[in-house]
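Shown below: coords-v3.cif, with mmCIF, C-alpha atoms and all ligand atoms.
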data_query
#
loop_
_atom_site.label_atom_id
_atom_site.label_comp_id
_atom_site.auth_asym_id
_atom_site.auth_seq_id
_atom_site.Cartn_x
_atom_site.Cartn_y
_atom_site.Cartn_z
CA MET K 28 106.08 78.07 90.07
CA GLN K 29 108.77 77.13 87.60
CA ILE K 30 111.86 74.99 88.13
CA LEU K 31 114.99 76.08 86.30
CA ARG K 32 118.13 74.00 85.88
CA TYR K 33 121.70 75.31 86.01
CA GLU K 34 124.96 73.48 85.42
CA GLY K 35 128.61 74.50 84.99
CA ILE K 36 128.11 78.10 86.15
CA PRO K 37 131.43 79.97 85.76
CA LEU K 38 132.74 82.37 88.39
CA GLU K 39 131.74 85.98 87.74
CA HIS K 40 128.97 84.82 85.38
CA PRO K 41 125.53 86.47 85.71
CA ASP K 42 124.11 83.08 86.84
CA PHE K 43 126.49 82.97 89.82
CA TRP K 44 123.54 84.25 91.90
CA VAL K 45 122.49 80.59 92.12
CA TYR K 46 125.52 79.81 94.31
CA GLU K 47 124.93 83.03 96.25
CA LEU K 48 121.28 82.18 96.88
CA ASP K 49 122.08 78.63 97.99
CA ALA K 50 124.86 79.80 100.33
CA ALA K 51 122.71 82.64 101.76
CA LEU K 52 119.79 80.31 102.52
CA TRP K 53 122.06 77.79 104.26
CA ARG K 54 123.74 80.61 106.16
CA GLY K 55 120.30 81.51 107.51
CA VAL K 56 119.78 77.93 108.69
CA VAL K 57 123.09 77.64 110.56
CA GLU K 58 122.87 81.13 112.06
CA GLY K 59 119.37 80.34 113.30
CA LEU K 60 120.49 77.06 114.83
CA TYR K 61 123.91 77.88 116.28
CA GLY K 62 123.81 81.66 116.77
CA ASP K 63 126.86 82.46 114.61
CA ASP K 64 128.10 81.89 111.08
CA ASP K 65 131.00 79.55 111.84
CA MET K 66 129.22 76.79 109.88
CA ALA K 67 128.26 78.95 106.90
CA SER K 68 130.09 78.37 103.65
CA LEU K 69 130.92 80.97 101.04
CA PRO K 70 129.40 80.76 97.55
CA VAL K 71 132.91 80.53 96.05
CA ALA K 72 133.74 77.60 98.34
CA ARG K 73 130.69 75.73 97.09
CA TRP K 74 131.62 76.64 93.54
CA ALA K 75 135.20 75.35 93.98
CA GLU K 76 133.97 71.90 95.04
CA ALA K 77 132.08 71.65 91.73
CA GLN K 78 135.14 72.12 89.52
CA ALA K 79 135.96 68.48 88.76
CA PRO K 80 132.81 67.58 86.78
CA MET K 81 134.36 64.51 85.13
CA TYR K 82 134.54 63.07 88.67
CA SER K 83 131.43 64.61 90.13
CA ARG K 84 128.81 66.58 88.23
CA VAL K 85 127.06 69.40 90.11
CA LEU K 86 123.72 70.93 89.08
CA HIS K 87 121.22 73.26 90.70
CA LEU K 88 117.47 73.34 90.37
CA VAL K 89 115.94 76.66 91.37
CA ALA K 90 112.25 77.18 92.08
CA VAL K 91 111.09 80.61 90.90
CA ASP K 92 107.79 82.41 90.76
CA GLY K 93 108.09 85.41 88.45
CA ASP K 94 111.13 87.21 89.80
CA ARG K 95 110.86 85.63 93.25
CA ARG K 96 113.43 82.95 94.01
CA LEU K 97 111.82 80.41 96.30
CA GLY K 98 114.34 77.67 96.89
CA VAL K 99 117.24 75.62 95.55
CA CYS K 100 118.13 71.97 95.21
CA ALA K 101 121.81 71.24 94.69
CA ILE K 102 122.48 67.89 93.02
CA GLU K 103 125.80 66.10 92.97
CA LEU K 104 126.30 63.09 90.71
CA PRO K 105 129.50 61.06 91.16
CA GLN K 106 130.81 59.98 87.74
CA ARG K 107 133.61 57.49 88.40
CA ASP K 108 132.33 55.73 91.51
CA ASN K 109 128.95 55.50 93.21
CA ARG K 110 127.10 55.92 89.92
CA HIS K 111 123.93 54.69 91.62
CA ILE K 112 123.96 57.65 94.06
CA ALA K 113 122.74 61.23 93.81
CA TYR K 114 123.51 63.63 96.66
CA LEU K 115 120.70 66.13 97.11
CA SER K 116 120.42 69.26 99.23
CA VAL K 117 117.08 71.08 99.25
CA ILE K 118 116.52 74.46 100.83
CA VAL K 119 113.54 76.79 100.68
CA ASP K 120 113.44 80.48 101.58
CA PRO K 121 111.75 80.66 105.02
CA ALA K 122 109.18 83.08 103.54
CA TYR K 123 107.91 80.34 101.18
CA ARG K 124 107.97 77.18 103.31
CA ARG K 125 105.06 74.74 103.77
CA ARG K 126 103.71 75.51 100.31
CA GLY K 127 105.08 72.49 98.51
CA VAL K 128 108.22 74.20 97.13
CA GLY K 129 110.63 71.78 98.82
CA SER K 130 108.62 68.79 97.60
CA ALA K 131 108.47 70.17 94.05
CA LEU K 132 112.25 70.67 94.02
CA LEU K 133 112.90 67.22 95.46
CA ASP K 134 110.51 65.53 93.02
CA ALA K 135 112.10 67.31 90.07
CA ALA K 136 115.58 66.38 91.31
CA ILE K 137 114.67 62.73 91.77
CA GLN K 138 113.05 62.58 88.35
CA PHE K 139 116.13 64.10 86.74
CA CYS K 140 118.47 61.75 88.63
CA ARG K 141 116.44 58.66 87.75
CA GLY K 142 116.95 59.66 84.11
CA ASP K 143 120.66 59.39 84.90
CA GLU K 144 120.11 55.88 86.34
CA ARG K 145 120.48 56.95 89.96
CA THR K 146 118.64 54.72 92.40
CA THR K 147 119.94 55.89 95.79
CA PHE K 148 119.47 59.41 97.11
CA GLN K 149 121.37 60.87 100.02
CA GLY K 150 121.28 64.19 101.83
CA TRP K 151 122.44 65.95 104.98
CA THR K 152 120.58 68.24 107.35
CA TRP K 153 121.77 70.60 110.09
CA GLU K 154 120.38 69.87 113.52
CA PRO K 155 120.82 71.12 117.09
CA LEU K 156 123.33 69.12 119.11
CA GLN K 157 120.60 67.83 121.43
CA PRO K 158 117.11 67.07 120.18
CA ALA K 159 114.58 69.02 122.26
CA GLY K 160 111.17 67.75 121.15
CA PRO K 161 109.32 64.72 122.48
CA ARG K 162 109.58 62.58 119.32
CA ARG K 163 113.00 61.25 118.39
CA LEU K 164 114.39 59.59 115.30
CA ARG K 165 117.31 57.23 115.74
CA GLY K 166 119.90 56.47 113.04
CA THR K 167 120.29 52.92 111.74
CA HIS K 168 123.93 53.14 112.91
CA GLY K 169 125.47 54.70 115.99
CA ASP K 170 123.46 56.08 118.87
CA GLY K 171 122.69 59.56 117.54
CA GLU K 172 119.10 60.86 117.63
CA LEU K 173 117.29 63.75 115.97
CA ASP K 174 114.14 65.63 116.75
CA ALA K 175 111.57 63.94 114.48
CA ASP K 176 109.41 67.06 114.22
CA ARG K 177 111.97 69.54 112.94
CA ASP K 178 111.27 70.77 109.38
CA SER K 179 114.35 69.05 107.94
CA VAL K 180 113.68 65.67 109.56
CA ALA K 181 109.90 65.71 108.98
CA PHE K 182 110.47 66.66 105.34
CA ALA K 183 113.05 63.91 104.79
CA THR K 184 111.00 61.15 106.44
CA ARG K 185 107.83 62.31 104.72
CA HIS K 186 109.69 61.78 101.42
CA GLY K 187 110.81 58.26 102.23
CA PHE K 188 114.34 58.99 103.50
CA LYS K 189 115.76 56.96 106.38
CA LEU K 190 118.20 58.40 108.91
CA MET K 191 121.45 56.49 108.46
CA GLN K 192 123.70 58.22 110.95
CA VAL K 193 124.04 61.36 113.04
CA ASP K 194 127.33 63.23 112.72
CA THR K 195 128.66 65.55 115.39
CA MET K 196 130.33 68.86 114.65
CA SER K 197 132.86 70.09 117.19
CA ARG K 198 134.71 73.35 117.66
CA LEU K 199 138.09 74.09 119.19
CA VAL K 200 139.03 77.50 120.51
CA LEU K 201 142.74 77.41 119.75
CA PRO K 202 144.95 77.40 122.86
CA GLU K 203 147.93 79.75 123.12
CA GLN K 204 150.89 78.98 120.86
CA PRO K 205 153.27 77.65 123.58
CA GLU K 206 150.63 75.08 124.57
CA LEU K 207 150.17 73.94 120.96
CA GLU K 208 153.92 73.57 120.58
CA ALA K 209 154.18 71.64 123.84
CA GLN K 210 151.48 69.23 122.61
CA ALA K 211 153.33 68.72 119.32
CA ARG K 212 156.63 68.11 121.18
CA ALA K 213 155.00 65.59 123.50
CA ALA K 214 153.46 63.82 120.50
CA ARG K 215 156.90 63.71 118.82
CA GLU K 216 158.43 62.12 121.93
CA ALA K 217 155.62 59.55 122.14
CA THR K 218 155.91 58.53 118.47
CA SER K 219 158.42 56.09 116.97
CA PRO K 220 161.36 57.76 115.16
CA ASP K 221 160.30 55.67 112.15
CA TYR K 222 157.75 58.43 111.50
CA ARG K 223 158.66 61.96 110.42
CA ILE K 224 156.50 65.04 109.98
CA VAL K 225 156.08 66.51 106.47
CA GLN K 226 154.09 69.73 105.96
CA TRP K 227 152.94 71.72 102.95
CA MET K 228 150.40 74.23 101.65
CA GLY K 229 148.07 73.40 98.74
CA PHE K 230 148.77 70.35 96.63
CA PRO K 231 152.31 68.89 96.48
CA PRO K 232 152.85 67.02 93.17
CA GLU K 233 155.70 64.99 94.68
CA TRP K 234 153.26 63.31 97.05
CA ALA K 235 150.44 62.84 94.54
CA ASP K 236 150.47 59.02 94.59
CA ASP K 237 150.59 58.77 98.38
CA LEU K 238 147.80 61.34 98.70
CA ALA K 239 145.60 59.38 96.31
CA VAL K 240 146.11 56.26 98.49
CA LEU K 241 145.25 58.26 101.64
CA GLY K 242 142.24 59.84 99.89
CA ARG K 243 140.88 56.43 98.92
CA ALA K 244 141.43 55.09 102.43
CA MET K 245 139.45 58.06 103.73
CA GLY K 246 136.50 57.10 101.55
CA ALA K 247 136.75 53.42 102.45
CA ASP K 248 137.36 53.64 106.20
CA VAL K 249 135.28 56.49 107.58
CA PRO K 250 132.13 55.12 109.26
CA THR K 251 129.17 55.51 106.91
CA GLY K 252 126.27 54.30 109.00
CA GLY K 253 125.54 51.42 106.65
CA ALA K 254 124.82 53.83 103.80
CA ASP K 255 125.14 52.35 100.35
CA LEU K 256 128.53 53.85 99.45
CA GLU K 257 131.46 52.62 97.40
CA GLU K 258 135.03 53.78 97.74
CA GLU K 259 135.46 57.21 96.14
CA SER K 260 137.67 57.34 93.08
CA MET K 261 140.57 59.61 93.96
CA ASP K 262 143.54 60.31 91.75
CA GLU K 263 146.10 62.98 91.09
CA GLU K 264 144.04 64.71 88.40
CA ARG K 265 141.03 65.12 90.69
CA LEU K 266 143.14 66.42 93.57
CA ARG K 267 144.87 68.83 91.20
CA LEU K 268 141.63 70.18 89.70
CA LEU K 269 140.06 70.80 93.10
CA ASP K 270 143.21 72.40 94.41
CA ALA K 271 143.40 74.75 91.40
CA ALA K 272 139.76 75.80 91.87
CA ARG K 273 140.20 76.36 95.60
CA THR K 274 143.38 78.36 95.04
CA ARG K 275 141.62 80.49 92.42
CA VAL K 276 139.04 81.65 94.98
CA GLY K 277 141.54 82.17 97.81
CA ILE K 278 140.96 78.95 99.76
CA GLU K 279 144.16 77.77 101.43
CA ARG K 280 144.98 74.37 102.85
CA LEU K 281 147.69 73.39 105.30
CA THR K 282 148.49 69.69 105.54
CA THR K 283 150.63 67.77 107.98
CA ALA K 284 151.50 64.17 107.11
CA ALA K 285 153.49 61.41 108.75
CA LEU K 286 156.22 59.91 106.57
CA HIS K 287 157.04 56.28 107.35
CA VAL K 288 160.81 56.54 106.91
CA PRO K 289 161.56 52.81 106.26
CA SER K 290 159.10 52.63 103.35
CA GLY K 291 159.35 56.27 102.22
CA ARG K 292 155.52 56.51 102.10
CA LEU K 293 153.08 58.91 103.71
CA VAL K 294 150.85 56.92 106.04
CA ALA K 295 148.80 59.53 107.90
CA LYS K 296 147.64 63.06 107.26
CA SER K 297 145.43 65.86 108.48
CA SER K 298 144.49 69.14 106.78
CA ILE K 299 143.19 72.53 107.85
CA VAL K 300 141.35 74.64 105.31
CA ARG K 301 140.94 78.41 105.56
CA PHE K 302 138.29 79.76 103.23
CA ALA K 303 139.03 83.48 103.08
CA ALA K 304 141.76 85.84 104.21
CA GLY K 305 140.94 87.28 107.62
CA ASP K 306 138.58 84.46 108.65
CA GLU K 307 138.74 83.62 112.35
CA VAL K 308 137.44 80.14 111.73
CA ALA K 309 139.01 77.33 109.71
CA ASP K 310 137.94 73.77 109.01
CA GLN K 311 139.69 70.61 110.07
CA TRP K 312 139.44 68.11 107.18
CA ASP K 313 140.51 64.63 106.24
CA THR K 314 142.41 63.09 109.12
CA ILE K 315 143.34 59.56 108.15
CA VAL K 316 145.84 56.94 109.26
CA LEU K 317 146.38 53.95 106.99
CA ARG K 318 145.10 50.75 108.55
CA GLU K 319 148.53 49.09 108.97
CA HIS K 320 149.78 52.09 110.96
CA ARG K 321 146.90 52.55 113.38
CA GLY K 322 147.22 52.32 117.14
CA LEU K 323 150.60 54.11 117.19
CA GLY K 324 149.39 57.61 117.99
CA LEU K 325 149.79 58.94 114.44
CA GLY K 326 146.40 60.70 114.39
CA TRP K 327 147.46 62.68 117.43
CA PHE K 328 150.95 63.19 115.97
CA VAL K 329 149.76 64.82 112.71
CA LYS K 330 146.94 66.84 114.30
CA THR K 331 149.08 68.41 117.03
CA HIS K 332 151.73 69.35 114.46
CA ASN K 333 149.13 70.84 112.15
CA HIS K 334 147.77 72.95 115.01
CA ALA K 335 151.24 74.11 116.03
CA ALA K 336 151.95 75.26 112.44
CA LEU K 337 148.75 77.05 111.64
CA ARG K 338 149.26 80.37 113.45
CA SER K 339 152.42 81.14 111.54
CA ARG K 340 150.38 80.86 108.29
CA TRP K 341 147.11 82.41 109.41
CA PRO K 342 147.60 84.44 112.61
CA GLU K 343 143.93 85.55 112.57
CA VAL K 344 142.48 82.03 112.95
CA ARG K 345 140.97 81.52 116.43
CA ARG K 346 138.65 78.54 116.03
CA LEU K 347 138.65 75.21 114.23
CA ILE K 348 135.61 73.19 113.24
CA THR K 349 135.48 69.50 112.55
CA GLY K 350 132.84 66.84 111.89
CA ASN K 351 132.79 63.18 112.89
CA ALA K 352 130.40 60.29 112.70
CA SER K 353 129.07 59.95 116.24
CA GLU K 354 130.25 56.33 116.24
CA ASN K 355 133.80 57.27 115.21
CA GLN K 356 135.00 56.96 118.80
CA TRP K 357 138.67 56.90 117.89
CA MET K 358 138.57 60.31 116.18
CA LEU K 359 136.20 61.77 118.77
CA ALA K 360 138.60 60.74 121.54
CA ILE K 361 141.50 62.54 119.83
CA ASN K 362 139.37 65.62 119.30
CA ARG K 363 138.19 65.67 122.91
CA ARG K 364 141.78 65.41 124.08
CA LEU K 365 142.67 68.38 121.87
CA GLY K 366 139.87 70.41 123.48
CA TYR K 367 137.17 70.23 120.77
CA GLU K 368 133.65 70.66 122.09
CA PRO K 369 130.62 69.29 120.25
CA PHE K 370 128.15 72.04 119.28
CA ALA K 371 126.12 70.85 116.32
CA ALA K 372 124.73 67.74 114.68
CA SER K 373 124.05 66.70 111.13
CA GLY K 374 121.64 64.03 109.96
CA TRP K 375 122.65 61.78 107.08
CA PHE K 376 119.60 60.52 105.21
CA GLN K 377 119.19 57.97 102.45
CA ARG K 378 116.33 56.91 100.24
CA LYS K 379 116.37 54.00 97.83
CA GLY K 380 114.30 54.00 94.67
C1 LIG Z 1 112.99 71.06 104.73
C2 LIG Z 1 112.50 72.14 103.76
C3 LIG Z 1 113.35 72.06 102.48
C4 LIG Z 1 111.05 71.88 103.40
O1 LIG Z 1 110.63 72.80 102.40
P1 LIG Z 1 109.09 73.17 102.23
O2 LIG Z 1 108.93 73.88 100.93
O3 LIG Z 1 108.60 73.86 103.44
O4 LIG Z 1 108.45 71.72 102.15
P2 LIG Z 1 106.99 71.28 101.65
O5 LIG Z 1 106.05 72.44 101.77
O6 LIG Z 1 107.13 70.65 100.32
O7 LIG Z 1 106.65 70.19 102.77
C5 LIG Z 1 106.43 68.83 102.46
C6 LIG Z 1 106.15 68.05 103.72
O8 LIG Z 1 107.31 67.99 104.56
C7 LIG Z 1 106.89 67.99 105.94
N1 LIG Z 1 107.33 69.23 106.59
C8 LIG Z 1 107.97 70.27 106.03
N2 LIG Z 1 108.22 71.22 106.95
C9 LIG Z 1 107.73 70.77 108.12
C10 LIG Z 1 107.68 71.30 109.44
N3 LIG Z 1 108.19 72.51 109.75
N4 LIG Z 1 107.12 70.54 110.41
C11 LIG Z 1 106.58 69.34 110.13
N5 LIG Z 1 106.57 68.81 108.88
C12 LIG Z 1 107.15 69.50 107.90
C13 LIG Z 1 105.36 67.94 105.92
O9 LIG Z 1 105.00 66.59 105.87
C14 LIG Z 1 105.07 68.64 104.60
O10 LIG Z 1 103.82 68.32 104.08
P3 LIG Z 1 102.53 69.18 104.51
O11 LIG Z 1 102.88 70.63 104.43
O12 LIG Z 1 101.49 68.73 103.57
O13 LIG Z 1 102.26 68.78 105.95
C15 LIG Z 1 112.58 73.56 104.41
O14 LIG Z 1 111.96 73.51 105.67
C16 LIG Z 1 114.00 74.05 104.57
O15 LIG Z 1 114.53 74.67 103.67
N6 LIG Z 1 114.64 73.75 105.70
C17 LIG Z 1 116.03 74.08 105.94
C18 LIG Z 1 116.95 73.30 105.01
C19 LIG Z 1 116.89 71.81 105.24
O16 LIG Z 1 116.99 71.33 106.36
N7 LIG Z 1 116.75 71.06 104.12
C20 LIG Z 1 116.58 69.62 104.14
C21 LIG Z 1 117.85 68.92 104.05
S1 LIG Z 1 118.62 68.74 102.53
#

Any chance you could put this one into structure tokens?
Amino acid sequence: MQILRYEGIPLEHPDFWVYELDAALWRGVVEGLYGDDDMASLPVARWAEAQAPMYSRVLHLVAVDGDRRLGVCAIELPQRDNRHIAYLSVIVDPAYRRRGVGSALLDAAIQFCRGDERTTFQGWTWEPLQPAGPRRLRGTHGDGELDADRDSVAFATRHGFKLMQVDTMSRLVLPEQPELEAQARAAREATSPDYRIVQWMGFPPEWADDLAVLGRAMGADVPTGGADLEEESMDEERLRLLDAARTRVGIERLTTAALHVPSGRLVAKSSIVRFAAGDEVADQWDTIVLREHRGLGLGWFVKTHNHAALRSRWPEVRRLITGNASENQWMLAINRRLGYEPFAASGWFQRKG
């Protein structure tokens, strides 16, 4: 077995198979667990997230044996913040599991990252919503539990990772349009006239500063299960680079924000991302309300307006997916009220040293 390293793979380059392999293997995992591909991500979507390398460097290690491709480890190395952390994601083709391929990839990744002075390693796994086996692993934060004997969990614990937190993924089957509009109207009536809705597609340069503030608040305020994380560095350049890469591969993003009229600043926002034309499923991302404006219904205000607007942009979208820390009760309550139903879990693991 040989381990090859790839970095900075361009779109339409012969090496793009690395993104395709990684995405195909993960698609197999989510289809096996949840029975559909709503949670699968496209190779180009993974590629787009790697297009701001001065903020976050992305590499892939691939285990090969002759012309057989056995598995992949994606490595993400934050450059401006969290320079002690490496995010790792290991996946092995089911045909080659339990032969040490995952361990070889992980060892090689950790060795490489240590050379880059990384001391903390984090990764996520996909899990069924409810653990089924007799042995459970509980996160250090929140009350989520995973099945200790699943391949992902056994592999992570065997390699010295601790479960920090269990996240819950939920799905909403979009109600009919009149109902969405009624929800948005009711939210408008329940919200102070000091707040106004602003909506856009993509990245609006005129709101760059406010979006950077909201982006940083997102990093600082979302529950992180005690994981060793610093606030993520977020500025206009990073937002612009990622938006350009997403646009290039056909990813669209609809954002609804709340403008605080007295100060002229955006104080809450929520986005929906649609990865490819014709997709029935879209992702709910990045709902945040600045601390000083919480408790006033603004999360509900921006989400209901985002939902009411999305059909006119993407009439084919039927379902939305979102993820929350299981201890993020505030966001979970909003999502439950909107009709989201939990269907999947994700384990967040960390290893130090
Ligand atoms: C987790 C995964 C990467 C392991 O890859 P692998 O090549 O089979 O792993 P290894 O052969 O190196 O296994 C190393 C150890 O992990 C543990 N392990 C791995 N799979 C296991 C399983 N199905 N049940 C119990 N323990 C398991 C064992 O301790 C194993 O050592 P052993 O075989 O000597 O008992 C693979 O199962 C996979 O791709 N799963 C789906 C993706 C995923 O969840 N990735 C992890 C999150 S980033």

Give one line per residue of chain K that approaches ligand LIG 1 (chain Z) to at most 6 Å, naming the two atoms of the closest pair and their distance in Å to one decimal, counting all atoms listed in the file; sort by chain then ascending residue number and deliver it as JSON lines.
{"residue": "K:Ser116", "atom": "CA", "partner": "Z:LIG1", "partner_atom": "S1", "distance": 3.8}
{"residue": "K:Val117", "atom": "CA", "partner": "Z:LIG1", "partner_atom": "S1", "distance": 4.3}
{"residue": "K:Ile118", "atom": "CA", "partner": "Z:LIG1", "partner_atom": "O15", "distance": 3.5}
{"residue": "K:Val119", "atom": "CA", "partner": "Z:LIG1", "partner_atom": "O15", "distance": 3.8}
{"residue": "K:Arg124", "atom": "CA", "partner": "Z:LIG1", "partner_atom": "O3", "distance": 3.4}
{"residue": "K:Arg125", "atom": "CA", "partner": "Z:LIG1", "partner_atom": "O5", "distance": 3.2}
{"residue": "K:Arg126", "atom": "CA", "partner": "Z:LIG1", "partner_atom": "O5", "distance": 4.1}
{"residue": "K:Gly127", "atom": "CA", "partner": "Z:LIG1", "partner_atom": "O6", "distance": 3.3}
{"residue": "K:Val128", "atom": "CA", "partner": "Z:LIG1", "partner_atom": "O2", "distance": 3.9}
{"residue": "K:Gly129", "atom": "CA", "partner": "Z:LIG1", "partner_atom": "O2", "distance": 3.4}
{"residue": "K:Ser130", "atom": "CA", "partner": "Z:LIG1", "partner_atom": "O6", "distance": 3.6}
{"residue": "K:Gly150", "atom": "CA", "partner": "Z:LIG1", "partner_atom": "S1", "distance": 5.3}
{"residue": "K:Trp151", "atom": "CA", "partner": "Z:LIG1", "partner_atom": "S1", "distance": 5.3}
{"residue": "K:Thr152", "atom": "CA", "partner": "Z:LIG1", "partner_atom": "C21", "distance": 4.3}
{"residue": "K:Asp176", "atom": "CA", "partner": "Z:LIG1", "partner_atom": "C11", "distance": 5.5}
{"residue": "K:Arg177", "atom": "CA", "partner": "Z:LIG1", "partner_atom": "N4", "distance": 5.6}
{"residue": "K:Asp178", "atom": "CA", "partner": "Z:LIG1", "partner_atom": "N3", "distance": 3.6}
{"residue": "K:Ser179", "atom": "CA", "partner": "Z:LIG1", "partner_atom": "O16", "distance": 3.8}
{"residue": "K:Ala181", "atom": "CA", "partner": "Z:LIG1", "partner_atom": "N5", "distance": 4.6}
{"residue": "K:Phe182", "atom": "CA", "partner": "Z:LIG1", "partner_atom": "O8", "distance": 3.5}
{"residue": "K:Arg185", "atom": "CA", "partner": "Z:LIG1", "partner_atom": "O9", "distance": 5.3}

> Which residues come within 6 Å of range 81-93 of chain K, counting all atoms listed in the file, excluding same-chain residues fewer than 5 positions away, as number ranges by chain?
Replying inline: K: 28-34, 98-107

> Do you know which residues are at most 8 Å from Leu286 in chain K counting all atoms listed in the file, after dropping those on the same chain fewer than 3 positions away, and could you put them as a ChimeraX atom specification?
Replying inline: /K:222-225,291-295

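The shortest atom-to-atom distance to Thr274 in chain K, with only C-alpha atoms taken into account, belongs to K:Arg301 out of K:Arg301, K:Leu207, K:Ser68, K:Glu144.
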
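Counting all atoms listed in the file, the residue from K:Leu52, K:Val193, K:Val329, K:Ala135 that sits nearest to Ala122 in chain K is K:Leu52.
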
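Comparing K:Gln204, K:Ile348, K:Thr314, K:Phe148 by their smallest distance to Phe188 in chain K, the closest is K:Phe148 (using all atoms listed in the file).
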
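Take the candidates K:Leu60, K:Leu69, K:Ile315, K:Leu115 and check each one against Val276 in chain K using only C-alpha atoms; the shortest distance goes to K:Leu69.
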
>> So that I can see what lies close to Ala75 in chain K, please list as number ranges by chain the residues with an atom at most 7 Å from it, counting all atoms listed in the file and leaving out residues fewer than 3 positions away in the same chain.
In response: K: 71-72, 78, 269, 272-273

Kindly assemble as a Markdown table a list of the range 148-238 of chain K residues that lie within 10 Å of range 359-371 of chain K, each paired with its nearest atom pair and their distance in Å to one decimal, using all atoms listed in the file, sorted first by chain and then by ascending residue number.
| residue | atom | partner | partner_atom | distance |
| --- | --- | --- | --- | --- |
| K:Trp153 | CA | K:Ala371 | CA | 7.6 |
| K:Glu154 | CA | K:Ala371 | CA | 6.5 |
| K:Pro155 | CA | K:Ala371 | CA | 5.4 |
| K:Leu156 | CA | K:Ala371 | CA | 4.3 |
| K:Gln157 | CA | K:Ala371 | CA | 8.1 |
| K:Asp194 | CA | K:Ala371 | CA | 8.5 |
| K:Thr195 | CA | K:Ala371 | CA | 6.0 |
| K:Met196 | CA | K:Ala371 | CA | 4.9 |
| K:Ser197 | CA | K:Pro369 | CA | 3.9 |
| K:Arg198 | CA | K:Tyr367 | CA | 5.0 |
| K:Leu199 | CA | K:Tyr367 | CA | 4.3 |
| K:Val200 | CA | K:Tyr367 | CA | 7.5 |
| K:Leu201 | CA | K:Gly366 | CA | 8.4 |
| K:Pro202 | CA | K:Gly366 | CA | 8.7 |
| K:Leu207 | CA | K:Leu365 | CA | 9.4 |
| K:Gln210 | CA | K:Leu365 | CA | 8.9 |

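Taking CA of Ala217 in chain K and CA of Ser339 in chain K as endpoints, the distance between them is 24.3 Å.
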
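The space separating CA of Phe139 in chain K from CA of Gly187 in chain K comes to 17.4 Å.
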
From the block I gave, I'd like range 114-124 of chain K written with N, CA, C and O atoms, as an mmCIF file, in the first residue's frame.
data_model
loop_
_atom_site.group_PDB
_atom_site.id
_atom_site.type_symbol
_atom_site.label_atom_id
_atom_site.label_comp_id
_atom_site.auth_asym_id
_atom_site.auth_seq_id
_atom_site.Cartn_x
_atom_site.Cartn_y
_atom_site.Cartn_z
ATOM 1 N N TYR K 114 -8.377 19.324 10.968
ATOM 2 C CA TYR K 114 -9.632 18.593 10.809
ATOM 3 C C TYR K 114 -9.362 17.420 9.869
ATOM 4 O O TYR K 114 -8.811 17.614 8.776
ATOM 5 N N LEU K 115 -9.724 16.233 10.298
ATOM 6 C CA LEU K 115 -9.428 15.037 9.518
ATOM 7 C C LEU K 115 -10.708 14.283 9.212
ATOM 8 O O LEU K 115 -11.623 14.228 10.047
ATOM 9 N N SER K 116 -10.774 13.682 8.040
ATOM 10 C CA SER K 116 -11.934 12.874 7.684
ATOM 11 C C SER K 116 -11.422 11.650 6.916
ATOM 12 O O SER K 116 -10.897 11.791 5.812
ATOM 13 N N VAL K 117 -11.497 10.499 7.541
ATOM 14 C CA VAL K 117 -10.937 9.273 6.955
ATOM 15 C C VAL K 117 -12.076 8.403 6.439
ATOM 16 O O VAL K 117 -13.062 8.187 7.163
ATOM 17 N N ILE K 118 -11.919 7.881 5.243
ATOM 18 C CA ILE K 118 -12.924 6.937 4.751
ATOM 19 C C ILE K 118 -12.231 5.858 3.912
ATOM 20 O O ILE K 118 -11.335 6.149 3.130
ATOM 21 N N VAL K 119 -12.683 4.630 4.111
ATOM 22 C CA VAL K 119 -12.076 3.497 3.411
ATOM 23 C C VAL K 119 -13.177 2.809 2.601
ATOM 24 O O VAL K 119 -14.313 2.652 3.082
ATOM 25 N N ASP K 120 -12.823 2.408 1.383
ATOM 26 C CA ASP K 120 -13.764 1.652 0.548
ATOM 27 C C ASP K 120 -14.204 0.411 1.340
ATOM 28 O O ASP K 120 -13.362 -0.313 1.874
ATOM 29 N N PRO K 121 -15.529 0.157 1.406
ATOM 30 C CA PRO K 121 -16.012 -0.988 2.195
ATOM 31 C C PRO K 121 -15.323 -2.308 1.824
ATOM 32 O O PRO K 121 -15.177 -3.193 2.671
ATOM 33 N N ALA K 122 -14.873 -2.423 0.573
ATOM 34 C CA ALA K 122 -14.227 -3.680 0.147
ATOM 35 C C ALA K 122 -12.869 -3.877 0.816
ATOM 36 O O ALA K 122 -12.337 -4.989 0.811
ATOM 37 N N TYR K 123 -12.293 -2.802 1.398
ATOM 38 C CA TYR K 123 -10.934 -2.917 1.946
ATOM 39 C C TYR K 123 -10.866 -2.566 3.430
ATOM 40 O O TYR K 123 -9.814 -2.198 3.934
ATOM 41 N N ARG K 124 -11.990 -2.666 4.130
ATOM 42 C CA ARG K 124 -11.978 -2.291 5.556
ATOM 43 C C ARG K 124 -11.390 -3.398 6.429
ATOM 44 O O ARG K 124 -11.290 -4.540 6.010
#
